[in-house]
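Student: This structure is in structure tokens; I'll ask about it shortly.
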Amino acid sequence: MEQAGKFPAFFVAVSAALVVALGAGVAEAATGKPVAAKIGVISIITGQGAGYGEAITNGLKLARDEVNAKGAVRIELVIEDSSGKQEQALAAGQKLINSAQVVAIIGPTLSTEMKVVGPEANASGVPIMGTSTTAQGITRIGKFVFRNSLPESQAIPASVGKAVKKYGIRKVALLYGNDDVFTKSGFDTMKKVSEDLKLNILTIETFQKGQADYKAQLTKIKSLSPDAVFCSALYEEGAVILSQARKMGIKVPFVGGNGFNSPKVIEIAKQAAEGLVVATPWFAEKDDPKVKAFVAKYAKAYGKKPDQFAAQAYDALYIMAEALRKAGKADRAALRDALAGVRNFNGVLGKFSFDAERDVEMEPNVLIIKGGKFQLFK
Amino acid sequence: MFLEQLINGITLGSIYAIVALGYTLVFGVLDIINMAHGEIFMFGAFIGMLIVTKLNAPLGVAFLGAILATAAMGYLLERFALRPLRGRAGAAHLAPLISTIGVSILLENTAHHIFGAGNQLFETPFAEIKYQVGTATVYLVQVIILAVSVLLMAGLSLWLGRTRAGKALRATAENLETAGLLGIDTQRIITATVVIASAMGGVAGVLVGLAFNYINNQMGLSMGLKGLAIIIFGGMGSVAGAMAGGLILGLSETFVVAYGSSGYRDAIAFITIIVVLLFKPQGLFGQSMPDTRR
């Protein structure tokens with residue numbers, strides 16, 4: 001997105017009837033005076049889920065330093081803590097909107113938090129972009145609400161579709177965590193995709209968070225001998241399920257949702273993780289110079305590999321910067337229109353566009369665990 | 001499939017039973033529910049895991065280590081969280097209960113700090129030994145879990161019913177002051193009870209690690225809640241009740257999944273408990289309150 005974006009960006013902006021604003025902006029940028037903007041960040045800095053907040057703010061800070069070094073845009077991040085709580089997220093949002101006077105907000109981390117902060121930002125006319133909110137209908141909150149996090153409803157059809165084609169899957173067993181919104185909605189998508197592909201669903205089994213023993217469900221699944229198991233689980237439970245299934249002699253492929261997509265699966269399940277297929281927006285080992293450069297810079301700055309949350313946050317700030325440059329000034333309404341016009345942005349997640357509903361449009365990577373690591377599934 | 005599911009159910013039920021035995025013992029003597037029992041059980045699992053995977057020591061050492069560590073924790077729990085509250089003027093009846101809740105939170109977070117969050121692999125070659133019985137596969141671990149739970153139950157029953165110490169314990173349970181007047185060292189009895197119950201939690205922890213291969217710092221909570229339900233179901237303070245309740249819960253959970261829908265797993269198991277309690281409010285083996293509890 002370095003320089004190549006300039007021309008298409010120009011045309012998009014023109015067609016968006018922003019001629020006046022743009023004229024001023026380009027002139028400003030051309031004379032070397034950067035667009036200075038304060039961007040608010042709501043993330044989980046303390047409490048449970050602080051790991052996400054750490055990854056997200058790390059990704060944002062790295063992107064900020066790079067963007068500022070380039071000179072066209074000068075971004076200042078104002079970071080607020082939500083602790084993963086709705087009311088605290090809302091308070092943080094109000095503070096950013098009213099007293100810090102930010103031009104846009106990145107965050108909050110959870111979909112439940114976005115459901116309260118989104119309407120507030122929308123009513124105040126402040127563009128807000130979720131980088132990790134994957135629940136359905138988030139951007140329908142209003143025309144100031146964006147996200148760049150791929151929802152499960154787009155990721156799962158990709159992984160299921162590819163696995164079905166490759167392995168000739170006809171009959172499947174479905175297994176999911178029924179006490180978690182995320183895994184439940186992943187399951188709904190799996191079920192719908194299975195029905196669309198006319199697969200024979202042999203059984204639907206459930207489990208609960210933190211369960212230690214999955215033998216009853218797995219014994220039943222084994223006796224039905226499916227071609228594959230579609231499993232909507234978070235990696236903690238998912239890895240244990242895989243391990244117990246393999247030990248029991250269930251050798252068929254497993255297809256998981258995005259919650260399954262973590263190197264932790266391999267760490268926990270070891271050998272048993274082999275053959276797990278997942279779809280994900282972020283693949284750190286991708287053979288792409290942009291991805292390699294980001295991973296190297298992130299690892300140097302923070303001493304660990306970037307995860308999906310860091311990558312999505314990193315791209316989100318670049319998208320903001322791109323839109324700010326296009327808008328030409330730190331104006332909330334102008335920034336919103338410029339954001340809505342972002343198409344074919346080339347980031348570390350791949351080619352990214354906002355659709356007409358300001359939701360994500362991108363092709364996820366389908367991965368398989370092979371030889372103890374995630375590889376592209378072909 | 002029936003045979004395999006039966007084995008799954010008995011294994012799960014036996015583990016529930018051992019956890020419940022620890023609760024029932026403490027409740028029988030002290031009349032309080034030890035909310036920290038689940039966390040002590042979790043610590044037992046972690047210590048067993050560390051001994052097996054980090055020191056490469058044999059399983060016997062792991063059991064011994066877990067027993068020693070959890071027994072020590074039981075002693076500390078009694079000494080610092082329960083004893084200071086006992087017989088103190090103005091201490092509410094629920095104070096010891098709340099105190100054990102505090103200990104459980106402390107232990108859970110300590111485990112988080114020491115062992116980290118998330119599942120940890122508990123891997124031993126021993127857990128891989130299996131036999132083919134007809135169409136079903138039986139793991140040696142599953143046999144041992146059942147054997148240990150039966151032995152613990154039988155041992156406890158004998159100890160309580162036939163030995164001098166057991167008699168003293170029952171007397172203490174019946175009336176602390178009277179037992180004291182009759183020359184029983186009630187302090188020692190209470191301490192011994194909490195220590196023994198905790199050590200049993202440690203044994204259960206190692207067995208869970210062997211059976212399911214994974215342990216985490218949250219496992220105390222879920223197992224603890226099941227254990228609580230079981231002692232109410234089996235009869236508060238009843239050893240046989242804990243055993244029967246554990247097996248019934250384990251088997252019903254497994255068979256609901258096998259022949260019904262796994263979504264109703266907990267619902268059916270707990271509806272069974274509610275129905276039994278409607279007809280027998282004191283639990284399966286419980287006796288009505290004024291009588292002795294055993």
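So you can find residues: chains in the structure tokens are A, B, ... in the order shown, residues in each start at 1, and ligands are numbered from 1 in order.
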What's the 12 Å shell around Thr134 (chain A), counting only C-alpha atoms, without same-chain residues fewer than 3 positions away, as a PyMOL selection string?

Tutor: chain A and resi 107-115+129-131+137-139+146-155+181-183+185-186+258-259+281+309+312+359-360

Student: Write a file of the just-selected residues containing C-alpha atoms, as an mmCIF file, in the first residue's frame.

Tutor:
```
data_model
loop_
_atom_site.group_PDB
_atom_site.id
_atom_site.type_symbol
_atom_site.label_atom_id
_atom_site.label_comp_id
_atom_site.auth_asym_id
_atom_site.auth_seq_id
_atom_site.Cartn_x
_atom_site.Cartn_y
_atom_site.Cartn_z
ATOM 1 C CA GLY A 107 -11.839 -1.314 18.937
ATOM 2 C CA PRO A 108 -13.365 -2.410 21.224
ATOM 3 C CA THR A 109 -12.158 -6.003 21.421
ATOM 4 C CA LEU A 110 -15.337 -7.999 21.996
ATOM 5 C CA SER A 111 -18.514 -8.044 19.930
ATOM 6 C CA THR A 112 -20.555 -7.566 23.098
ATOM 7 C CA GLU A 113 -18.619 -4.376 23.824
ATOM 8 C CA MET A 114 -19.066 -3.145 20.247
ATOM 9 C CA LYS A 115 -22.813 -3.561 20.652
ATOM 10 C CA MET A 129 -13.612 0.050 13.425
ATOM 11 C CA GLY A 130 -13.569 -3.327 15.163
ATOM 12 C CA THR A 131 -10.456 -5.413 14.601
ATOM 13 C CA GLY A 137 -24.499 -7.909 12.086
ATOM 14 C CA ILE A 138 -21.905 -5.728 13.831
ATOM 15 C CA THR A 139 -21.609 -3.217 11.009
ATOM 16 C CA PHE A 146 -16.686 -0.738 10.282
ATOM 17 C CA ARG A 147 -14.706 -3.894 10.909
ATOM 18 C CA ASN A 148 -11.761 -5.675 9.342
ATOM 19 C CA SER A 149 -12.110 -8.946 11.255
ATOM 20 C CA LEU A 150 -13.321 -11.831 9.155
ATOM 21 C CA PRO A 151 -16.521 -13.337 10.587
ATOM 22 C CA GLU A 152 -16.896 -17.090 11.047
ATOM 23 C CA SER A 153 -19.704 -17.068 8.527
ATOM 24 C CA GLN A 154 -17.100 -16.363 5.838
ATOM 25 C CA ALA A 155 -14.202 -18.414 7.181
ATOM 26 C CA VAL A 181 -21.795 -17.607 21.488
ATOM 27 C CA PHE A 182 -18.731 -17.870 19.303
ATOM 28 C CA THR A 183 -18.612 -21.652 18.965
ATOM 29 C CA SER A 185 -22.504 -19.413 15.769
ATOM 30 C CA GLY A 186 -19.602 -21.307 14.187
ATOM 31 C CA ASN A 258 -11.385 -19.891 13.632
ATOM 32 C CA GLY A 259 -11.341 -20.593 17.366
ATOM 33 C CA PRO A 281 -7.550 -14.461 7.766
ATOM 34 C CA PHE A 309 -5.249 -10.102 16.642
ATOM 35 C CA GLN A 312 -5.741 -7.439 12.214
ATOM 36 C CA ASP A 359 -18.143 -5.386 6.422
ATOM 37 C CA VAL A 360 -15.166 -7.513 5.435
#
```

Student: Using DSSP on the backbone coordinates, identify all residues within region 299-364 of chain A classified as helix (DSSP H, G or I); present the result as a PyMOL selection string.

Tutor: chain A and resi 299-302+308-327+332-340

Student: Dump as CSV the rows for residues of chain A within 8 Å of chain B: closest atom pair and distance in Å with one decimal, only C-alpha atoms counted, ordered by chain and rising residue number.

Tutor:
```
residue,atom,partner,partner_atom,distance
A:Asn178,CA,B:Gly263,CA,7.5
A:Ile204,CA,B:Ser261,CA,8.0
A:Glu205,CA,B:Ser262,CA,5.4
A:Thr206,CA,B:Ser262,CA,5.4
A:Phe207,CA,B:Ser262,CA,7.1
A:Gly210,CA,B:Met219,CA,7.0
A:Gln211,CA,B:Ser222,CA,7.8
A:Ala212,CA,B:Phe212,CA,6.4
A:Asp213,CA,B:Phe212,CA,6.1
A:Lys215,CA,B:Asn8,CA,6.6
A:Ala216,CA,B:Thr254,CA,5.4
A:Gln217,CA,B:Val257,CA,6.1
A:Thr219,CA,B:Gln5,CA,7.0
A:Lys220,CA,B:Ala258,CA,5.8
A:Ser223,CA,B:Met1,CA,6.7
A:Glu236,CA,B:Asn119,CA,6.3
A:Val240,CA,B:Tyr214,CA,7.0
A:Gln244,CA,B:Phe212,CA,7.6
A:Ile268,CA,B:Leu121,CA,6.4
A:Ala269,CA,B:Leu121,CA,7.9
```

Student: Just to be explicit: take each residue in the selection above, keep C-alpha atoms, and write the result as a compact mmCIF listing (two decimals), in the first residue's frame.

Tutor:
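Output (again_13.txt):
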```txt
# COMPACT_ATOMS: atom_id res chain seq x y z
CA ASN A 178 -23.07 -25.08 23.16
CA ILE A 204 -24.77 -33.44 16.32
CA GLU A 205 -22.95 -33.57 19.63
CA THR A 206 -22.25 -30.82 22.13
CA PHE A 207 -19.88 -30.14 24.98
CA GLY A 210 -13.73 -26.60 30.41
CA GLN A 211 -15.00 -30.14 30.07
CA ALA A 212 -12.25 -32.71 30.63
CA ASP A 213 -13.87 -35.86 29.32
CA LYS A 215 -15.17 -39.87 25.58
CA ALA A 216 -18.95 -40.35 25.61
CA GLN A 217 -19.48 -38.08 22.58
CA THR A 219 -17.34 -43.09 21.33
CA LYS A 220 -20.71 -42.34 19.77
CA SER A 223 -19.47 -45.93 16.15
CA GLU A 236 -8.38 -25.21 24.66
CA VAL A 240 -8.19 -32.01 24.07
CA GLN A 244 -8.88 -38.00 22.92
CA ILE A 268 -1.39 -29.08 23.54
CA ALA A 269 -2.42 -31.94 21.26
```

Student: Looking only at the backbone, which of the residues in region 93-151 of chain B does DSSP tag as strand (DSSP E), as a list in words?

Tutor: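 These are the residues in question: Gln120, Leu121, Lys130, Tyr131, Gln132, Val133, Ala136, Thr137, Val138 and Tyr139 of chain B.
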
Student: Extract, using only C-alpha atoms, all DNA, RNA and protein residues at most 10 Å from region 165-173 of chain A, discarding same-chain residues fewer than 5 positions from it, and format them as a JSON list (two decimals) with C-alpha atoms, in the first residue's frame.

Tutor:
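Writing the result to part17.json gives the following:
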```json
[["chain", "number", "residue", "atom", "x", "y", "z"],
["A", 160, "VAL", "CA", -15.42, -26.89, 4.86],
["A", 194, "SER", "CA", -23.19, -29.00, 5.35],
["A", 197, "LEU", "CA", -23.36, -29.15, 0.22],
["A", 198, "LYS", "CA", -25.95, -31.94, 0.75],
["A", 199, "LEU", "CA", -23.78, -33.76, 3.26],
["A", 200, "ASN", "CA", -25.32, -36.46, 5.41],
["A", 201, "ILE", "CA", -25.19, -35.23, 9.02],
["A", 202, "LEU", "CA", -24.90, -38.38, 11.13],
["A", 203, "THR", "CA", -25.08, -36.77, 14.54],
["A", 204, "ILE", "CA", -24.77, -33.44, 16.32],
["A", 205, "GLU", "CA", -22.95, -33.57, 19.63],
["A", 218, "LEU", "CA", -16.43, -39.43, 20.76],
["A", 220, "LYS", "CA", -20.71, -42.34, 19.77],
["A", 221, "ILE", "CA", -19.15, -40.50, 16.83],
["A", 222, "LYS", "CA", -16.69, -43.34, 16.28],
["A", 224, "LEU", "CA", -21.17, -43.97, 13.34],
["A", 225, "SER", "CA", -17.93, -43.90, 11.27],
["A", 226, "PRO", "CA", -18.21, -40.48, 9.59],
["A", 227, "ASP", "CA", -15.92, -39.29, 6.76],
["A", 228, "ALA", "CA", -15.01, -36.20, 8.75],
["A", 229, "VAL", "CA", -15.76, -34.39, 11.99],
["A", 230, "PHE", "CA", -16.70, -30.70, 11.84],
["A", 231, "CYS", "CA", -15.83, -29.28, 15.22],
["A", 252, "VAL", "CA", -10.80, -38.99, 9.88],
["A", 253, "PRO", "CA", -10.03, -35.30, 9.15],
["A", 254, "PHE", "CA", -11.24, -32.63, 11.56],
["A", 377, "PHE", "CA", -4.14, -26.59, 2.49],
["A", 378, "LYS", "CA", -4.16, -27.30, -1.20]]
```

Student: Quick one: of A:Glu274, A:Glu87, A:Asp331, A:Glu322, who's nearest to Pro127 (chain A), counting only C-alpha atoms?

Tutor: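 The shortest atom-to-atom distance to Pro127 (chain A) comes from A:Asp331.
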
Student: Suppose you want the space between CA of Val203 (chain B) and CA of Ala272 (chain A); what is it in Å?

Tutor: 27.3 Å

Student: Have a look at B:Met153, B:Tyr23, B:Gln187, B:Gly224 and name the one nearest to Pro84 (chain B); count only C-alpha atoms.

Tutor: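 Ranking B:Met153, B:Tyr23, B:Gln187, B:Gly224 by distance to Pro84 (chain B), first place goes to B:Gln187.
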
Student: In Å, with one decimal, what is the gap from CA of Ala330 (chain A) to CA of Gln86 (chain A)?

Tutor: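 Result for CA of Ala330 (chain A) versus CA of Gln86 (chain A): 27.9 Å, one decimal.
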
Student: Quick one: residues within 9 Å of Val141 (chain B), only C-alpha atoms counted, chain neighbours fewer than 4 positions away excluded, as a list in words?

Tutor: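 Surrounding residues, per the criterion: Thr11, Phe126, Ala127, Glu128, Ile129, Lys130, Ile145, Leu146, Leu207, Leu210 and Ala211 of chain B.
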
Student: Write out as number ranges by chain which residues come within 12 Å of Pro96 (chain B) when counting only C-alpha atoms, dropping same-chain ones fewer than 2 positions away.

Tutor: B: 26-27, 30-36, 77-88, 91-94, 98-103
